[in-house]
Amino acid sequence: MSVQQRKERERAERERLIVATARELAEQQGWDAVTTRRLAERIEYSQPVLYSHFRGKREIIGAVALEGAAEMATALRAATSAADGPRARVTALARTYLDFAERNPAVYDALFQLDGGLAYAQEDTPEPLKDAFAALMESLGEVAGDGVHPGLFTEVFWASLHGLATLTRAGRLLPEDAAQRVELLVDRLAVA
């Protein structure tokens with residue numbers, strides 16, 4: 001291994017450490033607790049080292065969002081591939097999405113609530129975000145219905161899931177009714 005390759009590997013490892021530490025801190029204490037000073041202390045590097053990887057917290061949030069998008073896409077595909085039939089796939093997709101949001105609140109916020117400097121629904125949207133949307137559309141497109149654009153249907157269904165995730169997390173919806181909400185959403189929007 002050349003010196004250059006070793007330095008590139010070490011740089012990539014430091015970057016992964018920064019993102020993992022920011023994510024861990026955000027999940028434990030919220031995004032307000034994530035500062036470059038705290039991150040530098042936790043990873044035992046100076047703040048200038050952090051700034052050599054990320055220009056600030058906004059870019060760190062973006063990196064966490066991209067990592068989370070990839071994880072979400074993987075989880076959605078795993079859940080839907082194990083389901084038999086369109087309705088079962090959509091139900092599995094909805095449950096997996098809501099479970100991901102519940103288990104990873106800081107990542108979910110990085111993806112959908114906070115400014116991570118990422119472009120959504122644009123030509124320059126990063127690939128992990130496009131792939132997460134594609135993972136939704138793979139199952140939802142098949143139940144969109146005649147004459148309904150699969151992408152548009154996916155956006156509406158996704159918006160419904162996002163609303164459920166956000167309202168549940170904020171304590172505005174009773175958690176014991178979560179399964180009934182998923183069934184109602186699938187029955188009314190994704191009839192196949």
# chains A, B, ... in the order shown; residues from 1 in each chain; ligands from 1
$ residues_around --residues "range 23-31 of chain A" --least-positions-apart "2" --cutoff "7 Å" --atoms "only C-alpha atoms" --output "PyMOL selection string"
chain A and resi 19-21+33-34+64+105-106
$ write_last_selection --atoms "all heavy atoms" --output "short mmCIF file (atom, residue, chain, number, x, y, z; two decimals), in the first residue's frame"
data_model
loop_
_atom_site.label_atom_id
_atom_site.label_comp_id
_atom_site.auth_asym_id
_atom_site.auth_seq_id
_atom_site.Cartn_x
_atom_site.Cartn_y
_atom_site.Cartn_z
N VAL A 19 -18.87 11.03 11.44
CA VAL A 19 -20.31 10.83 11.15
C VAL A 19 -20.93 9.91 12.18
O VAL A 19 -22.02 10.20 12.71
CB VAL A 19 -20.50 10.29 9.71
CG1 VAL A 19 -21.95 9.88 9.46
CG2 VAL A 19 -20.05 11.33 8.69
N ALA A 20 -20.27 8.81 12.52
CA ALA A 20 -20.81 7.88 13.51
C ALA A 20 -20.95 8.54 14.88
O ALA A 20 -21.95 8.33 15.58
CB ALA A 20 -19.92 6.64 13.60
N THR A 21 -19.98 9.33 15.24
CA THR A 21 -20.01 10.01 16.54
C THR A 21 -21.11 11.07 16.57
O THR A 21 -21.84 11.19 17.56
CB THR A 21 -18.64 10.63 16.87
OG1 THR A 21 -17.65 9.58 16.82
CG2 THR A 21 -18.63 11.27 18.24
N ALA A 33 -27.07 19.08 20.67
CA ALA A 33 -25.87 18.68 21.40
C ALA A 33 -24.68 18.43 20.48
O ALA A 33 -23.54 18.31 20.94
CB ALA A 33 -26.16 17.41 22.21
N VAL A 34 -24.93 18.35 19.19
CA VAL A 34 -23.85 18.07 18.24
C VAL A 34 -23.18 19.39 17.85
O VAL A 34 -23.76 20.20 17.13
CB VAL A 34 -24.37 17.35 16.98
CG1 VAL A 34 -23.24 17.09 15.99
CG2 VAL A 34 -25.06 16.04 17.36
N VAL A 64 -24.91 12.33 7.64
CA VAL A 64 -25.76 11.41 8.40
C VAL A 64 -27.02 11.08 7.60
O VAL A 64 -27.46 9.93 7.55
CB VAL A 64 -26.11 12.00 9.79
CG1 VAL A 64 -27.19 11.17 10.49
CG2 VAL A 64 -24.85 12.08 10.65
N PRO A 105 -34.57 8.39 15.38
CA PRO A 105 -35.14 9.74 15.29
C PRO A 105 -34.16 10.81 14.81
O PRO A 105 -34.55 11.69 14.04
CB PRO A 105 -35.64 10.02 16.71
CG PRO A 105 -34.94 9.05 17.59
CD PRO A 105 -34.64 7.86 16.74
N ALA A 106 -32.92 10.75 15.23
CA ALA A 106 -31.95 11.76 14.79
C ALA A 106 -31.63 11.61 13.31
O ALA A 106 -31.48 12.60 12.59
CB ALA A 106 -30.68 11.70 15.63
#
$ residues_around --residues "range 35-47 of chain A" --least-positions-apart "2" --cutoff "9 Å" --atoms "only C-alpha atoms" --output "PyMOL selection string"
chain A and resi 14+17-18+21-22+25+31-33+49-52+56-57
$ write_last_selection --atoms "N, CA, C and O atoms" --output "short mmCIF file (atom, residue, chain, number, x, y, z; two decimals), in the first residue's frame"
data_model
loop_
_atom_site.label_atom_id
_atom_site.label_comp_id
_atom_site.auth_asym_id
_atom_site.auth_seq_id
_atom_site.Cartn_x
_atom_site.Cartn_y
_atom_site.Cartn_z
N ARG A 14 -11.44 8.50 9.43
CA ARG A 14 -11.74 9.66 10.29
C ARG A 14 -13.11 10.22 9.97
O ARG A 14 -13.89 10.56 10.86
N LEU A 17 -15.74 8.04 11.39
CA LEU A 17 -15.77 8.23 12.84
C LEU A 17 -16.52 9.51 13.20
O LEU A 17 -17.33 9.52 14.13
N ILE A 18 -16.28 10.57 12.47
CA ILE A 18 -16.98 11.84 12.72
C ILE A 18 -18.48 11.65 12.54
O ILE A 18 -19.28 12.06 13.39
N THR A 21 -19.98 9.33 15.24
CA THR A 21 -20.01 10.01 16.54
C THR A 21 -21.11 11.07 16.57
O THR A 21 -21.84 11.19 17.56
N ALA A 22 -21.25 11.82 15.49
CA ALA A 22 -22.32 12.82 15.41
C ALA A 22 -23.68 12.14 15.50
O ALA A 22 -24.57 12.61 16.23
N LEU A 25 -24.27 10.89 19.13
CA LEU A 25 -24.55 12.01 20.02
C LEU A 25 -25.95 12.57 19.76
O LEU A 25 -26.70 12.86 20.69
N TRP A 31 -29.91 16.88 18.18
CA TRP A 31 -28.97 17.57 17.28
C TRP A 31 -28.38 18.84 17.89
O TRP A 31 -27.28 19.26 17.52
N ASP A 32 -29.06 19.46 18.83
CA ASP A 32 -28.50 20.65 19.47
C ASP A 32 -27.21 20.33 20.23
O ASP A 32 -26.36 21.20 20.40
N ALA A 33 -27.07 19.08 20.67
CA ALA A 33 -25.87 18.68 21.40
C ALA A 33 -24.68 18.43 20.48
O ALA A 33 -23.54 18.31 20.94
N VAL A 49 -9.20 19.53 12.37
CA VAL A 49 -9.27 18.24 11.67
C VAL A 49 -10.71 17.99 11.21
O VAL A 49 -10.94 17.56 10.08
N LEU A 50 -11.68 18.29 12.08
CA LEU A 50 -13.08 18.15 11.68
C LEU A 50 -13.39 19.03 10.48
O LEU A 50 -14.05 18.59 9.54
N TYR A 51 -12.91 20.27 10.54
CA TYR A 51 -13.17 21.21 9.45
C TYR A 51 -12.45 20.81 8.16
O TYR A 51 -12.82 21.27 7.09
N SER A 52 -11.45 19.97 8.26
CA SER A 52 -10.79 19.49 7.03
C SER A 52 -11.66 18.45 6.33
O SER A 52 -11.44 18.14 5.16
N GLY A 56 -18.85 22.29 8.44
CA GLY A 56 -19.60 22.60 9.65
C GLY A 56 -20.67 21.58 9.91
O GLY A 56 -20.77 20.54 9.23
N LYS A 57 -21.50 21.87 10.87
CA LYS A 57 -22.55 20.96 11.30
C LYS A 57 -23.51 20.62 10.17
O LYS A 57 -23.97 19.47 10.06
#
$ closest_residue --among "A:Ala190, A:Ala69, A:Leu161, A:Leu174" --to "Tyr108 in chain A" --atoms "only C-alpha atoms"
A:Ala69
$ closest_atom_pairs --of "range 153-189 of chain A" --to "range 84-103 of chain A" --cutoff "8 Å" --atoms "only C-alpha atoms" --output "CSV"
residue,atom,partner,partner_atom,distance
A:Leu161,CA,A:Ala94,CA,6.8
A:Leu164,CA,A:Leu98,CA,7.7
A:Ala165,CA,A:Leu98,CA,5.7
A:Arg169,CA,A:Glu102,CA,7.2
A:Val182,CA,A:Ala94,CA,6.6
A:Glu183,CA,A:Thr91,CA,7.3
A:Val186,CA,A:Thr91,CA,6.4
$ closest_residue --among "A:Gln113, A:Gln122, A:Ser2, A:Thr166" --to "Gly62 in chain A" --atoms "only C-alpha atoms"
A:Gln113
$ select_by_dssp --residues "chain A" --states "alpha helix (DSSP H)" --output "number ranges by chain"
A: 3-29, 36-43, 47-53, 57-81, 86-103, 105-112, 127-140, 150-169, 178-189
$ closest_residue --among "A:Leu189, A:Leu111, A:Ala83, A:Leu184" --to "Leu66 in chain A" --atoms "only C-alpha atoms"
A:Leu111
